[in-house]
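Participant: This is the structure, below, for whatever I ask next.
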Number of protein chains: 2
Amino acid sequence: MIIDCHGHYTTSPTALSAYRKKQLAWMDDRTLGRPRPPLISDQEIIDSIAGNQLRLMDERGEDIMLISPRASGMEHHRPDRGIARDWARVSNDLVHRVASLFPGRFAAVCQLPQTPGGSMVEPVRELRRCVEELGFVGCNLNPDPSGGFWTARPLTDPFWFPLYEAMAELDVPAMIHVSSSDNPAVNTLGGHYLNADTTVFMQLVEGDLFSRFPTLRLVIPHGGGAVPYHWGRFEGLSVRMGKPPLAESVLGNVFFDTCVYHQAGFDLLTRIVPAANLLFAAEMLGAVRGNNPSTGAPWDDTKRYLDAAGLSFAVRRQIEEENVRRVYPRLNKVLS
Amino acid sequence: MIIDCHGHYTTSPTALSAYRKKQLAWMDDRTLGRPRPPLISDQEIIDSIAGNQLRLMDERGEDIMLISPRASGMEHHRPDRGIARDWARVSNDLVHRVASLFPGRFAAVCQLPQTPGGSMVEPVRELRRCVEELGFVGCNLNPDPSGGFWTARPLTDPFWFPLYEAMAELDVPAMIHVSSSDNPAVNTLGGHYLNADTTVFMQLVEGDLFSRFPTLRLVIPHGGGAVPYHWGRFEGLSVRMGKPPLAESVLGNVFFDTCVYHQAGFDLLTRIVPAANLLFAAEMLGAVRGNNPSTGAPWDDTKRYLDAAGLSFAVRRQIEEENVRRVYPRLNKVLS
């Protein structure tokens with residue numbers, strides 16, 4: 001069984017973006033009234049998935065996808081907490097419907113209603129609603145709700161602990177995923193996403209979060225940003241700071257997805273990071289669409305890279321299925 | 001001949017940091033008076049280099065190092081322009097003395113007196129002084145003088161053009177190098193440095209700087225941040241934005257150093273990035289000191305990785321010498 005741990009509902013019906021537009025207009029002009037959640041039919045949802053994510057999953061041989069709302073659409077840098085709450089609820093309800101309409105093919109991962117400086121009260125409430133009432137298997141946590149200015153405290157700061165306590169209690173992991181960059185110097189897909197992966201890994205190396213939360217599980221997407229490529233740098237910095245080797249300090253709790261879009265990069269990832277820390281993913285339809293002209297294959301068809309990586313059957317099973325089930329244990333309930 | 005394009009004077013005599021301390025005190029309390037440049041003897045400089053950078057160069061077989069002031073010490077986020085000017089002058093004068101005291105072994109690269117929001121007037125003036133009067137071969141350009149908050153415009157913005165015009169006229173390149181992070185969420189050596197490399201590469205992919213400045217040469221350090229590892233992502237994003245392939249859009253003007261501190265990462269770099277775009281470097285004594293316990297060799301001994309990379313003699317000559325001479329043509333004058 002092949003489980004893709006990192007998919008987004010990037011193909012949602014236009015009624016969702018129309019709703020968001022109304023929300024933002026209402027934020028600027030309160031006379032407009034709070035917009036009502038969009039009316040979207042089951043058939044619209046089915047159509048938006050069947051010809052896109054599901055078609056590609058079938059073509060590529062993926063069985064299940066963990067799907068969450070569009071990451072760049074989370075827009076946590078918009079400061080209104082009520083709007084953030086409504087937006088997360090509407091977005092999460094929609095991916096819940098995706099998972100319900102395609103049982104056994106999708107499992108839902110939630111967006112959290114974060115805002116710059118906003119407390120963990122609303123995120124914890126929405127996480128509980130999604131997991132306890134709707135059967136979600138995890139959440140996406142944005143380490144930089146400012147959208148590219150990095151005004152939040154590091155993820156090792158007690159500020160975030162209420163969320164970790166709820167995650168531990170519910171036994172769900174978080175994928176560390178920023179949203180769109182509001183910073184003209186930093187491109188969302190080619191800068192901010194990768195930088196966030198690298199930044200957070202280093203926060204975790206510097207801190208001591210997993211002594212406090214030994215069961216906490218964090219997934220760093222996009223192949224870990226710059227981390228596997230600079231593994232020696234991180235090992236060396238860790239030792240220089242008087243920390244234990246990475247295997248002891250963070251690899252019990254930190255996992256990387258396989259969203260690396262060329263063979264040499266993919267091979268580096270699978271050679272450097274222990275197999276127990278790798279979760280298969282493609283992030284489709286995500287940042288990079290279209291085909292590599294030199295191979296004719298889609299850039300984001302990570303299944304091809306996995307096939308060509310020369311891994312043993314046992315290692316492949318770990319990456320394709322076992323690790324995801326271990327990191328997202330509620331997935332077993334969804335699949336049984 | 002082996003030329004290391006990326007060294008910093010991280011071992012400067014303590015009188016330099018004492019001077020800096022006085023500067024910062026003066027910034028807060030103007031009654032203290034503007035501090036005088038530190039008095040440092042030739043012998044102190046010789047001692048600070050001979051047992052450190054020079055010893056390692058000899059041990060590792062490096063002939064020449066391009067040396068610039070300590071990158072994390074540039075501290076462009078301190079907002080006072082007069083202090084930034086004094087600090088750059090003092091720091092640059094000192095690396096000039098290093099180059100003069102060890103002729104044929106070091107060539108000087110300058111720090112620019114940047115400040116958050118500060119114009120290019122002072123940086124251009126200091127660049128001219130260093131190159132025209134002191135024989136410097138290049139400069140370090142900080143794309144984020146805010147120190148980790150990314151408040152500056154992207155490097156493709158006309159804001160920076162006066163500097164590029166001076167660089168073109170003087171025929172010197174810039175290494176893109178941030179200074180210390182003033183942001184508690186972003187570690188300097190394990191986050192900010194790598195993020196800046198990635199961010200700026202993407203700025204250059206998005207923009208069209210080299211049509212305007214066809215002879216401009218920019219060196220991205222630390223093996224290009226996350227870029228070579230995510231080469232497929234950048235190629236794919238570039239195509240998706242309607243840009244030409246990276247080889248056409250940026251590789252005529254953008255170069256990467258080889259500061260990647262493990263063999264697999266180093267091998268990825270030399271396999272993915274064309275040899276014409278690679279400049280040998282170790283950044284010693286820099287971010288990562290100490291030995292890899294599994295090999296017993298220093299993390300930053302990139303010469304070992306180069307030796308083990310299985311490259312042809314011709315490619316090695318390109319990486320070790322020819323490319324650096326081409327990118328930093330004033331180096332030929334220093335060496336002749």
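Residue names in the structure tokens use chain letters A, B, ... in the order shown, residue numbers from 1 in each chain, and ligand numbers from 1 in the order shown.
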For the interface of chain A with chain B (cut-off 7 Å, counting only C-alpha atoms), please tabulate each contacting residue of chain A alongside its nearest pair of atoms and their separation in Å to one decimal, rows sorted by chain and increasing number, as a tab-separated table.

Facilitator:
```
residue	atom	partner	partner_atom	distance
A:Phe149	CA	B:Phe149	CA	5.0
A:Trp150	CA	B:Phe149	CA	6.3
A:Ala152	CA	B:Ala185	CA	6.9
A:Arg153	CA	B:Ala185	CA	5.6
A:Pro154	CA	B:Ala185	CA	4.6
A:Pro184	CA	B:Arg153	CA	6.9
A:Ala185	CA	B:Pro154	CA	4.6
A:Val186	CA	B:Thr199	CA	5.9
A:Asn187	CA	B:Met202	CA	6.8
A:Gly190	CA	B:Met202	CA	5.9
A:Gly191	CA	B:Thr199	CA	4.8
A:Asn195	CA	B:Asn195	CA	5.0
A:Thr198	CA	B:Gly191	CA	6.0
A:Thr199	CA	B:Gly191	CA	4.8
A:Met202	CA	B:Gly190	CA	5.9
A:Gly225	CA	B:Ala226	CA	6.3
A:Ala226	CA	B:Ala226	CA	4.2
A:Tyr229	CA	B:Gly265	CA	4.8
A:His230	CA	B:Val260	CA	6.1
A:Trp231	CA	B:His262	CA	6.9
A:Gly232	CA	B:Tyr261	CA	4.8
A:Arg233	CA	B:Tyr261	CA	5.5
A:Phe234	CA	B:Gly190	CA	6.7
A:Gly236	CA	B:Val288	CA	5.5
A:Leu237	CA	B:Val288	CA	5.8
A:Val260	CA	B:His230	CA	6.1
A:Tyr261	CA	B:Gly232	CA	4.8
A:His262	CA	B:Gly232	CA	4.9
A:Ala264	CA	B:Leu268	CA	6.6
A:Gly265	CA	B:Tyr229	CA	4.8
A:Leu268	CA	B:Ala264	CA	6.6
A:Val288	CA	B:Gly236	CA	5.5
A:Arg289	CA	B:Gly236	CA	7.0
A:Trp299	CA	B:Gly232	CA	6.7
```

Participant: Would you kindly return, as a list in words, each protein, DNA or RNA residue with an atom no farther than 12 Å from any atom of Ala50 in chain B, considering only C-alpha atoms and excluding same-chain residues fewer than 2 positions away?

Facilitator: Tyr9, Thr11, Ser12, Asp42, Gln43, Glu44, Ile45, Ile46, Asp47, Ser48, Asn52, Gln53, Leu54, Arg55, Leu56, Met57, Asp58, Glu59, Val98, Leu101, Phe102, Arg105 and Phe106 of chain B

Participant: Restricting it to N, CA, C and O atoms, dump the selection as a JSON list (two decimals), in the first residue's frame.

Facilitator:
```
[["chain", "number", "residue", "atom", "x", "y", "z"],
["B", 9, "TYR", "N", 37.82, 36.46, 8.13],
["B", 9, "TYR", "CA", 38.82, 36.73, 9.17],
["B", 9, "TYR", "C", 38.14, 36.58, 10.54],
["B", 9, "TYR", "O", 37.94, 37.54, 11.27],
["B", 11, "THR", "N", 39.33, 35.06, 12.99],
["B", 11, "THR", "CA", 40.32, 34.92, 14.06],
["B", 11, "THR", "C", 41.01, 36.25, 14.36],
["B", 11, "THR", "O", 42.14, 36.26, 14.87],
["B", 12, "SER", "N", 40.37, 37.35, 14.03],
["B", 12, "SER", "CA", 41.00, 38.67, 14.20],
["B", 12, "SER", "C", 41.32, 38.94, 15.68],
["B", 12, "SER", "O", 40.63, 38.43, 16.57],
["B", 42, "ASP", "N", 51.39, 44.36, 13.16],
["B", 42, "ASP", "CA", 51.55, 43.36, 12.11],
["B", 42, "ASP", "C", 51.73, 41.97, 12.72],
["B", 42, "ASP", "O", 51.18, 40.99, 12.22],
["B", 43, "GLN", "N", 52.51, 41.92, 13.80],
["B", 43, "GLN", "CA", 52.79, 40.60, 14.39],
["B", 43, "GLN", "C", 51.50, 39.95, 14.91],
["B", 43, "GLN", "O", 51.31, 38.74, 14.77],
["B", 44, "GLU", "N", 50.63, 40.78, 15.47],
["B", 44, "GLU", "CA", 49.35, 40.22, 15.95],
["B", 44, "GLU", "C", 48.54, 39.62, 14.79],
["B", 44, "GLU", "O", 47.92, 38.56, 14.93],
["B", 45, "ILE", "N", 48.56, 40.34, 13.68],
["B", 45, "ILE", "CA", 47.82, 39.82, 12.51],
["B", 45, "ILE", "C", 48.46, 38.53, 12.02],
["B", 45, "ILE", "O", 47.77, 37.54, 11.75],
["B", 46, "ILE", "N", 49.79, 38.55, 11.92],
["B", 46, "ILE", "CA", 50.50, 37.36, 11.45],
["B", 46, "ILE", "C", 50.18, 36.17, 12.36],
["B", 46, "ILE", "O", 49.84, 35.08, 11.90],
["B", 47, "ASP", "N", 50.23, 36.40, 13.65],
["B", 47, "ASP", "CA", 49.95, 35.31, 14.59],
["B", 47, "ASP", "C", 48.52, 34.79, 14.46],
["B", 47, "ASP", "O", 48.26, 33.60, 14.58],
["B", 48, "SER", "N", 47.59, 35.71, 14.22],
["B", 48, "SER", "CA", 46.18, 35.31, 14.16],
["B", 48, "SER", "C", 45.86, 34.50, 12.91],
["B", 48, "SER", "O", 44.86, 33.77, 12.86],
["B", 52, "ASN", "N", 46.14, 29.55, 12.16],
["B", 52, "ASN", "CA", 44.74, 29.22, 11.89],
["B", 52, "ASN", "C", 44.50, 28.96, 10.39],
["B", 52, "ASN", "O", 44.78, 27.89, 9.89],
["B", 53, "GLN", "N", 44.02, 29.99, 9.69],
["B", 53, "GLN", "CA", 43.70, 29.80, 8.27],
["B", 53, "GLN", "C", 44.90, 29.27, 7.49],
["B", 53, "GLN", "O", 44.79, 28.31, 6.72],
["B", 54, "LEU", "N", 46.07, 29.90, 7.68],
["B", 54, "LEU", "CA", 47.23, 29.53, 6.87],
["B", 54, "LEU", "C", 47.69, 28.11, 7.17],
["B", 54, "LEU", "O", 48.04, 27.35, 6.26],
["B", 55, "ARG", "N", 47.67, 27.76, 8.44],
["B", 55, "ARG", "CA", 48.05, 26.39, 8.82],
["B", 55, "ARG", "C", 47.13, 25.38, 8.13],
["B", 55, "ARG", "O", 47.58, 24.40, 7.52],
["B", 56, "LEU", "N", 45.83, 25.64, 8.18],
["B", 56, "LEU", "CA", 44.88, 24.70, 7.56],
["B", 56, "LEU", "C", 45.03, 24.68, 6.04],
["B", 56, "LEU", "O", 44.91, 23.64, 5.41],
["B", 57, "MET", "N", 45.26, 25.86, 5.46],
["B", 57, "MET", "CA", 45.48, 25.91, 4.01],
["B", 57, "MET", "C", 46.67, 25.02, 3.63],
["B", 57, "MET", "O", 46.60, 24.25, 2.67],
["B", 58, "ASP", "N", 47.75, 25.14, 4.40],
["B", 58, "ASP", "CA", 48.94, 24.33, 4.09],
["B", 58, "ASP", "C", 48.66, 22.85, 4.32],
["B", 58, "ASP", "O", 49.05, 22.00, 3.51],
["B", 59, "GLU", "N", 47.98, 22.55, 5.40],
["B", 59, "GLU", "CA", 47.66, 21.13, 5.68],
["B", 59, "GLU", "C", 46.80, 20.52, 4.57],
["B", 59, "GLU", "O", 46.96, 19.36, 4.22],
["B", 98, "VAL", "N", 45.94, 41.75, 6.16],
["B", 98, "VAL", "CA", 46.17, 40.29, 6.05],
["B", 98, "VAL", "C", 46.70, 39.96, 4.66],
["B", 98, "VAL", "O", 47.72, 39.27, 4.51],
["B", 101, "LEU", "N", 50.27, 41.22, 4.22],
["B", 101, "LEU", "CA", 51.28, 40.53, 5.04],
["B", 101, "LEU", "C", 51.58, 39.12, 4.54],
["B", 101, "LEU", "O", 52.61, 38.54, 4.87],
["B", 102, "PHE", "N", 50.66, 38.58, 3.75],
["B", 102, "PHE", "CA", 50.86, 37.23, 3.19],
["B", 102, "PHE", "C", 50.67, 37.29, 1.68],
["B", 102, "PHE", "O", 49.71, 36.72, 1.15],
["B", 105, "ARG", "N", 49.07, 34.63, -0.88],
["B", 105, "ARG", "CA", 48.30, 33.60, -0.15],
["B", 105, "ARG", "C", 46.87, 34.07, 0.15],
["B", 105, "ARG", "O", 45.98, 33.24, 0.31],
["B", 106, "PHE", "N", 46.68, 35.36, 0.25],
["B", 106, "PHE", "CA", 45.33, 35.88, 0.53],
["B", 106, "PHE", "C", 45.01, 37.02, -0.44],
["B", 106, "PHE", "O", 45.90, 37.78, -0.82]]
```

Participant: List the neighbours of Thr14 in chain A out to 10 Å using only C-alpha atoms; skip same-chain residues closer than 6 positions along the sequence, and give me the result as a ChimeraX atom specification.

Facilitator: /A:20,38,40,44

Participant: Once you have the residues from the selection above, write them out as a CSV table (one decimal), in the first residue's frame, restricted to N, CA and C atoms.

Facilitator:
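Final output, part.csv:
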```csv
chain,number,residue,atom,x,y,z
A,20,ARG,N,-13.7,33.2,0.3
A,20,ARG,CA,-12.6,33.8,0.9
A,20,ARG,C,-12.5,35.3,0.6
A,38,PRO,N,-19.7,28.7,1.9
A,38,PRO,CA,-20.2,28.5,0.5
A,38,PRO,C,-21.0,27.2,0.4
A,40,ILE,N,-21.6,24.1,-1.6
A,40,ILE,CA,-20.8,23.3,-2.6
A,40,ILE,C,-21.5,21.9,-2.6
A,44,GLU,N,-19.8,18.5,-7.1
A,44,GLU,CA,-18.7,19.4,-7.4
A,44,GLU,C,-17.4,19.0,-6.7
```

Participant: Report as JSON, numbers by chain: the residues of range 235-320 of chain B with a DSSP assignment of helix (DSSP H, G or I), based on the backbone of this structure.

Facilitator: {"B": [235, 236, 237, 238, 239, 240, 246, 247, 248, 249, 263, 264, 265, 266, 267, 268, 269, 270, 271, 272, 275, 276, 277, 302, 303, 304, 305, 306, 307, 313, 314, 315, 316, 317, 318, 319, 320]}

Participant: Those same residues, written as a compact mmCIF listing (two decimals), in the first residue's frame with N, CA, C and O atoms?

Facilitator:
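again-v9.txt, freshly written:
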```txt
# COMPACT_ATOMS: atom_id res chain seq x y z
N GLU B 235 13.80 24.30 -11.43
CA GLU B 235 13.58 24.20 -12.88
C GLU B 235 12.07 24.23 -13.17
O GLU B 235 11.61 24.94 -14.06
N GLY B 236 11.32 23.44 -12.40
CA GLY B 236 9.87 23.35 -12.62
C GLY B 236 9.17 24.67 -12.35
O GLY B 236 8.30 25.10 -13.11
N LEU B 237 9.55 25.34 -11.27
CA LEU B 237 8.93 26.64 -10.95
C LEU B 237 9.26 27.66 -12.03
O LEU B 237 8.43 28.48 -12.42
N SER B 238 10.50 27.61 -12.50
CA SER B 238 10.93 28.55 -13.53
C SER B 238 10.09 28.38 -14.80
O SER B 238 9.59 29.36 -15.36
N VAL B 239 9.92 27.15 -15.21
CA VAL B 239 9.10 26.88 -16.40
C VAL B 239 7.66 27.32 -16.15
O VAL B 239 7.04 27.96 -17.00
N ARG B 240 7.15 27.01 -14.94
CA ARG B 240 5.76 27.36 -14.62
C ARG B 240 5.54 28.87 -14.65
O ARG B 240 4.45 29.36 -14.93
N LEU B 246 16.95 27.30 -16.22
CA LEU B 246 17.92 27.97 -15.35
C LEU B 246 19.25 28.20 -16.05
O LEU B 246 19.91 29.23 -15.82
N ALA B 247 19.64 27.26 -16.91
CA ALA B 247 20.92 27.40 -17.60
C ALA B 247 20.96 28.67 -18.43
O ALA B 247 22.00 29.33 -18.54
N GLU B 248 19.80 29.05 -18.96
CA GLU B 248 19.76 30.26 -19.78
C GLU B 248 19.51 31.52 -18.94
O GLU B 248 20.03 32.59 -19.24
N SER B 249 18.68 31.39 -17.91
CA SER B 249 18.25 32.60 -17.21
C SER B 249 19.27 33.09 -16.18
O SER B 249 19.47 34.28 -16.03
N GLN B 263 30.06 14.19 2.22
CA GLN B 263 30.38 13.72 0.87
C GLN B 263 29.14 13.65 -0.03
O GLN B 263 29.18 14.06 -1.18
N ALA B 264 28.04 13.12 0.50
CA ALA B 264 26.85 12.94 -0.34
C ALA B 264 26.31 14.29 -0.82
O ALA B 264 25.89 14.42 -1.98
N GLY B 265 26.33 15.28 0.05
CA GLY B 265 25.88 16.61 -0.35
C GLY B 265 26.82 17.22 -1.37
O GLY B 265 26.38 17.81 -2.37
N PHE B 266 28.11 17.08 -1.13
CA PHE B 266 29.11 17.60 -2.06
C PHE B 266 28.95 16.95 -3.43
O PHE B 266 29.00 17.62 -4.47
N ASP B 267 28.74 15.64 -3.43
CA ASP B 267 28.58 14.92 -4.70
C ASP B 267 27.33 15.39 -5.45
O ASP B 267 27.35 15.52 -6.67
N LEU B 268 26.27 15.63 -4.71
CA LEU B 268 25.06 16.14 -5.36
C LEU B 268 25.36 17.46 -6.06
O LEU B 268 25.00 17.68 -7.23
N LEU B 269 26.05 18.34 -5.36
CA LEU B 269 26.39 19.65 -5.91
C LEU B 269 27.17 19.52 -7.22
O LEU B 269 26.82 20.14 -8.23
N THR B 270 28.20 18.70 -7.21
CA THR B 270 29.06 18.60 -8.41
C THR B 270 28.36 17.85 -9.54
O THR B 270 28.73 18.00 -10.69
N ARG B 271 27.35 17.05 -9.21
CA ARG B 271 26.62 16.34 -10.27
C ARG B 271 25.53 17.20 -10.90
O ARG B 271 25.21 17.04 -12.07
N ILE B 272 24.95 18.08 -10.10
CA ILE B 272 23.77 18.82 -10.56
C ILE B 272 24.14 20.18 -11.16
O ILE B 272 23.58 20.60 -12.17
N ALA B 275 29.91 22.38 -13.99
CA ALA B 275 31.25 22.65 -13.43
C ALA B 275 31.64 24.11 -13.59
O ALA B 275 32.34 24.68 -12.74
N ALA B 276 31.18 24.75 -14.66
CA ALA B 276 31.53 26.15 -14.91
C ALA B 276 30.97 27.09 -13.85
O ALA B 276 31.37 28.26 -13.79
N ASN B 277 30.03 26.59 -13.05
CA ASN B 277 29.39 27.44 -12.05
C ASN B 277 29.82 27.14 -10.62
O ASN B 277 29.20 27.63 -9.67
N THR B 302 36.58 20.58 2.80
CA THR B 302 35.91 20.29 1.53
C THR B 302 36.89 19.78 0.47
O THR B 302 36.48 19.18 -0.52
N LYS B 303 38.18 20.00 0.70
CA LYS B 303 39.18 19.45 -0.22
C LYS B 303 39.09 17.92 -0.27
O LYS B 303 39.23 17.32 -1.33
N ARG B 304 38.83 17.30 0.89
CA ARG B 304 38.67 15.84 0.92
C ARG B 304 37.48 15.39 0.08
O ARG B 304 37.53 14.37 -0.60
N TYR B 305 36.39 16.11 0.22
CA TYR B 305 35.19 15.75 -0.56
C TYR B 305 35.46 15.92 -2.05
O TYR B 305 35.05 15.11 -2.88
N LEU B 306 36.20 16.99 -2.37
CA LEU B 306 36.54 17.22 -3.78
C LEU B 306 37.43 16.09 -4.29
O LEU B 306 37.21 15.56 -5.40
N ASP B 307 38.40 15.68 -3.49
CA ASP B 307 39.29 14.58 -3.89
C ASP B 307 38.50 13.30 -4.15
O ASP B 307 38.84 12.52 -5.03
N PHE B 313 40.27 15.67 -14.30
CA PHE B 313 41.29 16.68 -14.06
C PHE B 313 40.82 18.04 -14.57
O PHE B 313 40.98 19.07 -13.90
N ALA B 314 40.22 18.05 -15.73
CA ALA B 314 39.77 19.32 -16.33
C ALA B 314 38.69 19.98 -15.46
O ALA B 314 38.72 21.19 -15.24
N VAL B 315 37.75 19.18 -14.98
CA VAL B 315 36.69 19.73 -14.13
C VAL B 315 37.26 20.23 -12.81
O VAL B 315 36.89 21.31 -12.32
N ARG B 316 38.17 19.48 -12.26
CA ARG B 316 38.79 19.93 -11.00
C ARG B 316 39.50 21.26 -11.19
O ARG B 316 39.42 22.14 -10.34
N ARG B 317 40.22 21.41 -12.29
CA ARG B 317 40.91 22.68 -12.54
C ARG B 317 39.93 23.83 -12.64
O ARG B 317 40.19 24.93 -12.16
N GLN B 318 38.79 23.56 -13.27
CA GLN B 318 37.76 24.60 -13.34
C GLN B 318 37.33 25.03 -11.94
O GLN B 318 37.27 26.21 -11.63
N ILE B 319 36.99 24.03 -11.12
CA ILE B 319 36.44 24.31 -9.79
C ILE B 319 37.49 24.92 -8.87
O ILE B 319 37.22 25.84 -8.09
N GLU B 320 38.71 24.40 -8.97
CA GLU B 320 39.76 24.82 -8.02
C GLU B 320 40.38 26.17 -8.37
O GLU B 320 40.89 26.86 -7.49
```

Participant: Would you list the contacts of Glu133 in chain B as a list of chain:residue names, taking every protein, DNA or RNA residue within 12 Å and counting only C-alpha atoms, but skipping same-chain residues closer than 4 positions in sequence?

Facilitator: B:Asn92, B:Asp93, B:His96, B:Arg125, B:Glu126, B:Leu127, B:Arg128, B:Arg129, B:Val137, B:Leu170

Participant: With only C-alpha atoms as the counted atoms, please give the residues lying no more than 6 Å from His6 in chain B, apart from itself and same-chain residues fewer than 3 positions off, as a ChimeraX atom specification.

Facilitator: /B:66,281,283

Participant: I'd like the interatomic distance between CA of Glu165 in chain A and CA of Leu216 in chain A, to a tenth of an Å.

Facilitator: 8.7 Å

Participant: Do you have the CA of Asp171 in chain A-CA of Cys139 in chain A distance handy?

Facilitator: 11.1 Å

Participant: May I ask which of the residues A:Ala18, A:Leu24, A:Leu218, A:Leu279 is the closest one to Glu322 in chain A, counting only C-alpha atoms?

Facilitator: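 The answer is A:Leu279, which sits nearest to Glu322 in chain A.
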
Participant: Report, in Å to a single decimal, how far apart CA of Asn332 in chain A and CA of Ile3 in chain A are.

Facilitator: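 For CA of Ile3 in chain A relative to CA of Asn332 in chain A, the distance reads 11.7 Å.
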